[in-house]
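Asks: Got a structure for you, written out below as C-alpha cells; questions coming shortly.
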Amino acid sequence: MTIFQKIIDGEVPCDNLYEDDDVLVFRDIAPQAPFHALVVPKKPIRSMAETDRQDQELLGKVMLVAAAVARDHGLEKNGYRLVTNIGEHGGQTVFHLHVHILGGRMLRGMG
Ligand code: 5GP
C-alpha cells in the first residue's frame with residue numbers, strides 16, 4: 001500500500017485543500033515551490049502509464065480540479081505548472097497517480 005492510499009484512507013494526516021468522492025488534494029510534505037500541492041485520484045492507479053479509456057472522465061476531473069485549486073490559490077495571474085511523473089526515469093517516487101501543482105515562483109527547465 002502506498003503512502004497516498006494511507007492518506008486517502010485517513011490513516012495518515014495531510015494538509016487537505018480539497019476533497020470529493022473521486023479526488024483528494026493536499027499540500028506536498030516537501031514543497032518545491034511556494035505553492036506545491038498534489039491532486040490524487042482516489043482510485044488506485046499506479047501512474048499515467050496504467051490508465052485506459054475507462055479513466056477518461058476521472059483524468060479529466062483531476063486536471064479540472066488542479067486548475068480550480070490553482071485558481072483558488074491565486075496562481076492564475078503569473079502562471080503555474082502541472083506535472084505528473086511516470087516511473088523511474090520520470091522521477092516518480094510514490095506509485096499512486098498524482099498531478100503536482102507548482103506555483104508561486106518562476107519555474108525554469110523541465111527537470
Ligand atoms: P513523485 O516523486 O512520485 O512525483 O511525487 C511524490 C511526492 O509526494 C513528493 O513530492 C513528496 O514530497 C510527496 N510526499 C511523499 N510522502 C508524502 C507524505 O507523507 N505526505 C505528503 N503530503 N506528501 C508526501
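Going by the C-alpha cells order, chains are called A, B, ..., each with residues numbered from 1, while ligands are numbered from 1 in the order shown.
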As an mmCIF file with N, CA and C atoms, in the first residue's frame, please: every protein or nucleic acid residue near ligand 1 (cut-off 8 Å, counting only C-alpha atoms and all ligand atoms).
Replies:
data_model
loop_
_atom_site.group_PDB
_atom_site.id
_atom_site.type_symbol
_atom_site.label_atom_id
_atom_site.label_comp_id
_atom_site.auth_asym_id
_atom_site.auth_seq_id
_atom_site.Cartn_x
_atom_site.Cartn_y
_atom_site.Cartn_z
ATOM 1 N N ILE A 3 1.833 5.399 0.499
ATOM 2 C CA ILE A 3 1.545 6.441 1.492
ATOM 3 C C ILE A 3 0.300 7.236 1.085
ATOM 4 N N PHE A 4 0.079 7.415 -0.216
ATOM 5 C CA PHE A 4 -1.098 8.183 -0.636
ATOM 6 C C PHE A 4 -2.382 7.411 -0.351
ATOM 7 N N ILE A 7 -3.146 8.070 3.140
ATOM 8 C CA ILE A 7 -3.714 9.417 3.293
ATOM 9 C C ILE A 7 -5.183 9.413 2.862
ATOM 10 N N VAL A 12 -3.140 8.373 7.580
ATOM 11 C CA VAL A 12 -2.017 9.316 7.687
ATOM 12 C C VAL A 12 -2.589 10.707 7.434
ATOM 13 N N PRO A 13 -2.283 11.685 8.278
ATOM 14 C CA PRO A 13 -2.853 13.026 8.093
ATOM 15 C C PRO A 13 -2.249 13.759 6.902
ATOM 16 N N CYS A 14 -2.993 14.729 6.403
ATOM 17 C CA CYS A 14 -2.470 15.578 5.326
ATOM 18 C C CYS A 14 -3.046 16.970 5.495
ATOM 19 N N ASP A 15 -2.439 17.926 4.812
ATOM 20 C CA ASP A 15 -2.952 19.300 4.772
ATOM 21 C C ASP A 15 -3.919 19.365 3.591
ATOM 22 N N PHE A 26 -3.923 17.724 -1.532
ATOM 23 C CA PHE A 26 -3.268 18.112 -0.282
ATOM 24 C C PHE A 26 -1.894 18.696 -0.580
ATOM 25 N N ARG A 27 -1.362 19.437 0.378
ATOM 26 C CA ARG A 27 -0.047 20.057 0.186
ATOM 27 C C ARG A 27 1.057 19.006 0.243
ATOM 28 N N ASP A 28 2.060 19.180 -0.616
ATOM 29 C CA ASP A 28 3.210 18.284 -0.608
ATOM 30 C C ASP A 28 4.006 18.489 0.678
ATOM 31 N N ILE A 29 4.481 17.392 1.244
ATOM 32 C CA ILE A 29 5.205 17.455 2.529
ATOM 33 C C ILE A 29 6.588 18.099 2.367
ATOM 34 N N ALA A 30 7.119 18.096 1.143
ATOM 35 C CA ALA A 30 8.449 18.676 0.876
ATOM 36 C C ALA A 30 8.332 19.635 -0.307
ATOM 37 N N PRO A 31 7.739 20.807 -0.082
ATOM 38 C CA PRO A 31 7.390 21.682 -1.202
ATOM 39 C C PRO A 31 8.591 22.146 -2.015
ATOM 40 N N GLN A 32 8.442 22.082 -3.330
ATOM 41 C CA GLN A 32 9.484 22.518 -4.270
ATOM 42 C C GLN A 32 9.211 23.928 -4.799
ATOM 43 N N ALA A 37 1.105 21.430 -4.315
ATOM 44 C CA ALA A 37 0.053 20.514 -3.877
ATOM 45 C C ALA A 37 -0.008 19.334 -4.835
ATOM 46 N N LEU A 38 -0.654 18.280 -4.379
ATOM 47 C CA LEU A 38 -0.791 17.055 -5.159
ATOM 48 C C LEU A 38 -2.264 16.755 -5.352
ATOM 49 N N VAL A 83 2.369 18.813 -13.297
ATOM 50 C CA VAL A 83 3.340 17.761 -13.676
ATOM 51 C C VAL A 83 2.859 16.427 -13.132
ATOM 52 N N THR A 84 2.997 15.384 -13.945
ATOM 53 C CA THR A 84 2.833 14.030 -13.402
ATOM 54 C C THR A 84 4.043 13.191 -13.797
ATOM 55 N N ASN A 85 4.700 12.616 -12.816
ATOM 56 C CA ASN A 85 5.895 11.817 -13.053
ATOM 57 C C ASN A 85 5.503 10.359 -13.246
ATOM 58 N N ILE A 86 6.203 9.701 -14.171
ATOM 59 C CA ILE A 86 5.862 8.315 -14.514
ATOM 60 C C ILE A 86 7.113 7.450 -14.443
ATOM 61 N N GLY A 90 11.039 9.022 -14.942
ATOM 62 C CA GLY A 90 10.183 10.189 -14.759
ATOM 63 C C GLY A 90 10.332 10.803 -13.381
ATOM 64 N N GLY A 91 11.065 10.124 -12.508
ATOM 65 C CA GLY A 91 11.262 10.659 -11.165
ATOM 66 C C GLY A 91 10.140 10.334 -10.201
ATOM 67 N N GLN A 92 9.295 9.360 -10.575
ATOM 68 C CA GLN A 92 8.172 9.018 -9.693
ATOM 69 C C GLN A 92 8.684 8.278 -8.461
ATOM 70 N N THR A 93 8.213 8.694 -7.289
ATOM 71 C CA THR A 93 8.622 8.031 -6.044
ATOM 72 C C THR A 93 7.441 7.413 -5.306
ATOM 73 N N VAL A 94 6.244 7.908 -5.559
ATOM 74 C CA VAL A 94 5.043 7.325 -4.952
ATOM 75 C C VAL A 94 4.193 6.766 -6.088
ATOM 76 N N PHE A 95 3.954 5.461 -6.046
ATOM 77 C CA PHE A 95 3.321 4.795 -7.181
ATOM 78 C C PHE A 95 1.806 4.727 -7.033
ATOM 79 N N HIS A 96 1.250 5.915 -6.880
ATOM 80 C CA HIS A 96 -0.194 6.158 -6.939
ATOM 81 C C HIS A 96 -0.313 7.458 -7.736
ATOM 82 N N LEU A 97 -0.983 7.390 -8.872
ATOM 83 C CA LEU A 97 -1.071 8.532 -9.794
ATOM 84 C C LEU A 97 -1.358 9.848 -9.060
ATOM 85 N N HIS A 98 -0.616 10.881 -9.415
ATOM 86 C CA HIS A 98 -0.865 12.203 -8.841
ATOM 87 C C HIS A 98 -0.337 13.261 -9.793
ATOM 88 N N VAL A 99 -0.967 14.425 -9.730
ATOM 89 C CA VAL A 99 -0.522 15.588 -10.504
ATOM 90 C C VAL A 99 -0.037 16.639 -9.516
ATOM 91 N N HIS A 100 1.208 17.075 -9.704
ATOM 92 C CA HIS A 100 1.762 18.158 -8.888
ATOM 93 C C HIS A 100 1.230 19.497 -9.407
#
Asks: Env of Gly74 in chain A: 10 Å cut, atoms = only C-alpha atoms, seq-sep filter 4 positions within chain, self excluded. Answer as a PyMOL selection string.
Replies: chain A and resi 35+68-70+78-80+103-104
Asks: Could you write out that same residue set with N, CA, C and O atoms as a PDB file, in the first residue's frame?
Replies:
ATOM      1  N   PHE A  35       3.937  27.365  -3.588  1.00  0.00           N
ATOM      2  CA  PHE A  35       2.703  26.557  -3.558  1.00  0.00           C
ATOM      3  C   PHE A  35       3.009  25.230  -4.227  1.00  0.00           C
ATOM      4  O   PHE A  35       3.437  25.182  -5.388  1.00  0.00           O
ATOM      5  N   ALA A  68      -8.737  24.374 -10.835  1.00  0.00           N
ATOM      6  CA  ALA A  68      -9.590  25.103  -9.885  1.00  0.00           C
ATOM      7  C   ALA A  68      -8.827  25.422  -8.601  1.00  0.00           C
ATOM      8  O   ALA A  68      -8.946  26.530  -8.052  1.00  0.00           O
ATOM      9  N   VAL A  69      -8.044  24.461  -8.107  1.00  0.00           N
ATOM     10  CA  VAL A  69      -7.260  24.702  -6.887  1.00  0.00           C
ATOM     11  C   VAL A  69      -6.218  25.794  -7.151  1.00  0.00           C
ATOM     12  O   VAL A  69      -6.016  26.698  -6.323  1.00  0.00           O
ATOM     13  N   ALA A  70      -5.583  25.730  -8.314  1.00  0.00           N
ATOM     14  CA  ALA A  70      -4.602  26.774  -8.664  1.00  0.00           C
ATOM     15  C   ALA A  70      -5.281  28.147  -8.703  1.00  0.00           C
ATOM     16  O   ALA A  70      -4.743  29.137  -8.185  1.00  0.00           O
ATOM     17  N   ASN A  78       0.099  34.795 -12.614  1.00  0.00           N
ATOM     18  CA  ASN A  78       1.504  34.621 -13.003  1.00  0.00           C
ATOM     19  C   ASN A  78       1.803  33.262 -13.616  1.00  0.00           C
ATOM     20  O   ASN A  78       2.892  33.050 -14.156  1.00  0.00           O
ATOM     21  N   GLY A  79       0.859  32.345 -13.510  1.00  0.00           N
ATOM     22  CA  GLY A  79       1.045  31.027 -14.098  1.00  0.00           C
ATOM     23  C   GLY A  79       1.578  30.013 -13.104  1.00  0.00           C
ATOM     24  O   GLY A  79       1.994  30.345 -11.984  1.00  0.00           O
ATOM     25  N   TYR A  80       1.534  28.772 -13.520  1.00  0.00           N
ATOM     26  CA  TYR A  80       1.931  27.661 -12.652  1.00  0.00           C
ATOM     27  C   TYR A  80       2.205  26.451 -13.527  1.00  0.00           C
ATOM     28  O   TYR A  80       2.093  26.524 -14.753  1.00  0.00           O
ATOM     29  N   GLY A 103       3.640  26.397  -8.048  1.00  0.00           N
ATOM     30  CA  GLY A 103       3.488  27.796  -8.410  1.00  0.00           C
ATOM     31  C   GLY A 103       4.027  28.708  -7.333  1.00  0.00           C
ATOM     32  O   GLY A 103       4.498  28.260  -6.282  1.00  0.00           O
ATOM     33  N   GLY A 104       3.976  30.003  -7.625  1.00  0.00           N
ATOM     34  CA  GLY A 104       4.421  30.999  -6.656  1.00  0.00           C
ATOM     35  C   GLY A 104       5.847  31.457  -6.878  1.00  0.00           C
ATOM     36  O   GLY A 104       6.337  32.303  -6.122  1.00  0.00           O
TER      37      GLY A 104
END
Asks: Neighbouring residues of Ile8 in chain A were defined as those with any atom within 8 Å, considering only C-alpha atoms; residues of the same chain fewer than 3 positions away were excluded. Please report them as a PyMOL selection string.
Replies: chain A and resi 4-5+11+24+42
Asks: Among chain A, which ones does DSSP place in helix (DSSP H, G or I), written as a VMD selection string?
Replies: chain A and resid 3 to 8 48 to 50 53 to 72
Asks: Produce a file of the selected residues containing N, CA and C atoms, as a short mmCIF file (atom, residue, chain, number, x, y, z; two decimals), in the first residue's frame.
Replies:
data_model
loop_
_atom_site.label_atom_id
_atom_site.label_comp_id
_atom_site.auth_asym_id
_atom_site.auth_seq_id
_atom_site.Cartn_x
_atom_site.Cartn_y
_atom_site.Cartn_z
N ILE A 3 1.83 5.40 0.50
CA ILE A 3 1.55 6.44 1.49
C ILE A 3 0.30 7.24 1.09
N PHE A 4 0.08 7.41 -0.22
CA PHE A 4 -1.10 8.18 -0.64
C PHE A 4 -2.38 7.41 -0.35
N GLN A 5 -2.33 6.08 -0.46
CA GLN A 5 -3.52 5.28 -0.12
C GLN A 5 -3.83 5.46 1.37
N LYS A 6 -2.78 5.50 2.19
CA LYS A 6 -3.00 5.70 3.62
C LYS A 6 -3.58 7.08 3.91
N ILE A 7 -3.15 8.07 3.14
CA ILE A 7 -3.71 9.42 3.29
C ILE A 7 -5.18 9.41 2.86
N ILE A 8 -5.47 8.79 1.73
CA ILE A 8 -6.86 8.70 1.24
C ILE A 8 -7.74 8.00 2.28
N MET A 48 0.19 7.38 -15.03
CA MET A 48 -0.48 7.58 -16.32
C MET A 48 -0.23 6.41 -17.27
N ALA A 49 0.86 5.67 -17.04
CA ALA A 49 1.19 4.53 -17.92
C ALA A 49 0.19 3.39 -17.74
N GLU A 50 -0.60 3.44 -16.68
CA GLU A 50 -1.53 2.33 -16.42
C GLU A 50 -2.98 2.78 -16.52
N ARG A 53 -9.08 3.91 -21.40
CA ARG A 53 -10.26 4.71 -21.75
C ARG A 53 -11.27 4.81 -20.62
N GLN A 54 -11.32 3.79 -19.79
CA GLN A 54 -12.25 3.81 -18.64
C GLN A 54 -11.96 4.98 -17.71
N ASP A 55 -10.73 5.46 -17.72
CA ASP A 55 -10.31 6.51 -16.79
C ASP A 55 -10.47 7.91 -17.38
N GLN A 56 -11.04 8.00 -18.57
CA GLN A 56 -11.10 9.28 -19.27
C GLN A 56 -11.77 10.37 -18.42
N GLU A 57 -12.92 10.04 -17.86
CA GLU A 57 -13.66 11.04 -17.09
C GLU A 57 -12.90 11.42 -15.82
N LEU A 58 -12.36 10.42 -15.13
CA LEU A 58 -11.62 10.68 -13.90
C LEU A 58 -10.40 11.56 -14.16
N LEU A 59 -9.68 11.26 -15.24
CA LEU A 59 -8.47 12.03 -15.54
C LEU A 59 -8.83 13.46 -15.93
N GLY A 60 -9.92 13.63 -16.64
CA GLY A 60 -10.39 14.99 -16.95
C GLY A 60 -10.71 15.74 -15.67
N LYS A 61 -11.33 15.04 -14.73
CA LYS A 61 -11.67 15.68 -13.46
C LYS A 61 -10.41 16.07 -12.68
N VAL A 62 -9.41 15.20 -12.67
CA VAL A 62 -8.15 15.51 -11.97
C VAL A 62 -7.57 16.82 -12.50
N MET A 63 -7.56 16.99 -13.81
CA MET A 63 -6.98 18.21 -14.39
C MET A 63 -7.85 19.43 -14.10
N LEU A 64 -9.16 19.26 -14.14
CA LEU A 64 -10.05 20.39 -13.85
C LEU A 64 -9.95 20.80 -12.38
N VAL A 65 -9.84 19.82 -11.49
CA VAL A 65 -9.67 20.14 -10.07
C VAL A 65 -8.33 20.85 -9.86
N ALA A 66 -7.28 20.38 -10.54
CA ALA A 66 -5.97 21.03 -10.42
C ALA A 66 -6.08 22.50 -10.82
N ALA A 67 -6.73 22.77 -11.93
CA ALA A 67 -6.88 24.16 -12.39
C ALA A 67 -7.71 24.98 -11.40
N ALA A 68 -8.74 24.37 -10.84
CA ALA A 68 -9.59 25.10 -9.88
C ALA A 68 -8.83 25.42 -8.60
N VAL A 69 -8.04 24.46 -8.11
CA VAL A 69 -7.26 24.70 -6.89
C VAL A 69 -6.22 25.79 -7.15
N ALA A 70 -5.58 25.73 -8.31
CA ALA A 70 -4.60 26.77 -8.66
C ALA A 70 -5.28 28.15 -8.70
N ARG A 71 -6.45 28.20 -9.29
CA ARG A 71 -7.21 29.45 -9.37
C ARG A 71 -7.52 29.95 -7.96
N ASP A 72 -8.00 29.05 -7.10
CA ASP A 72 -8.40 29.42 -5.73
C ASP A 72 -7.21 29.93 -4.91
#
Asks: By how many Å are CA of His73 in chain A and CA of Pro41 in chain A apart?
Replies: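 Going from CA of His73 in chain A over to CA of Pro41 in chain A, I get 20.0 Å.
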Asks: Separation of CA of Leu82 in chain A and CA of Leu102 in chain A, in Å?
Replies: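 That distance, rounded to one decimal, is 6.5 Å.
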Asks: I need the strand (DSSP E) residues of chain A per DSSP on the backbone, written as a list of chain:residue names.
Replies: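 Here are the strand (DSSP E) residues of chain A: A:Asn16, A:Leu17, A:Tyr18, A:Glu19, A:Val23, A:Leu24, A:Val25, A:Phe26, A:Arg27, A:Phe35, A:His36, A:Ala37, A:Leu38, A:Val39, A:Val40, A:Pro41, A:Tyr80, A:Arg81, A:Leu82, A:Val83, A:Val99, A:His100, A:Ile101, A:Leu102, A:Gly103.
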Asks: Enter the distance from CA of Gly10 in chain A to CA of Val25 in chain A, in Å, rounded to one decimal.
Replies: 13.1 Å
Asks: Measuring atom to atom with only C-alpha atoms, identify which of A:Met110, A:Leu75, A:Met1, A:Ile101 is nearest to Val40 in chain A.
Replies: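 Among the listed residues, the smallest separation from Val40 in chain A belongs to A:Ile101.
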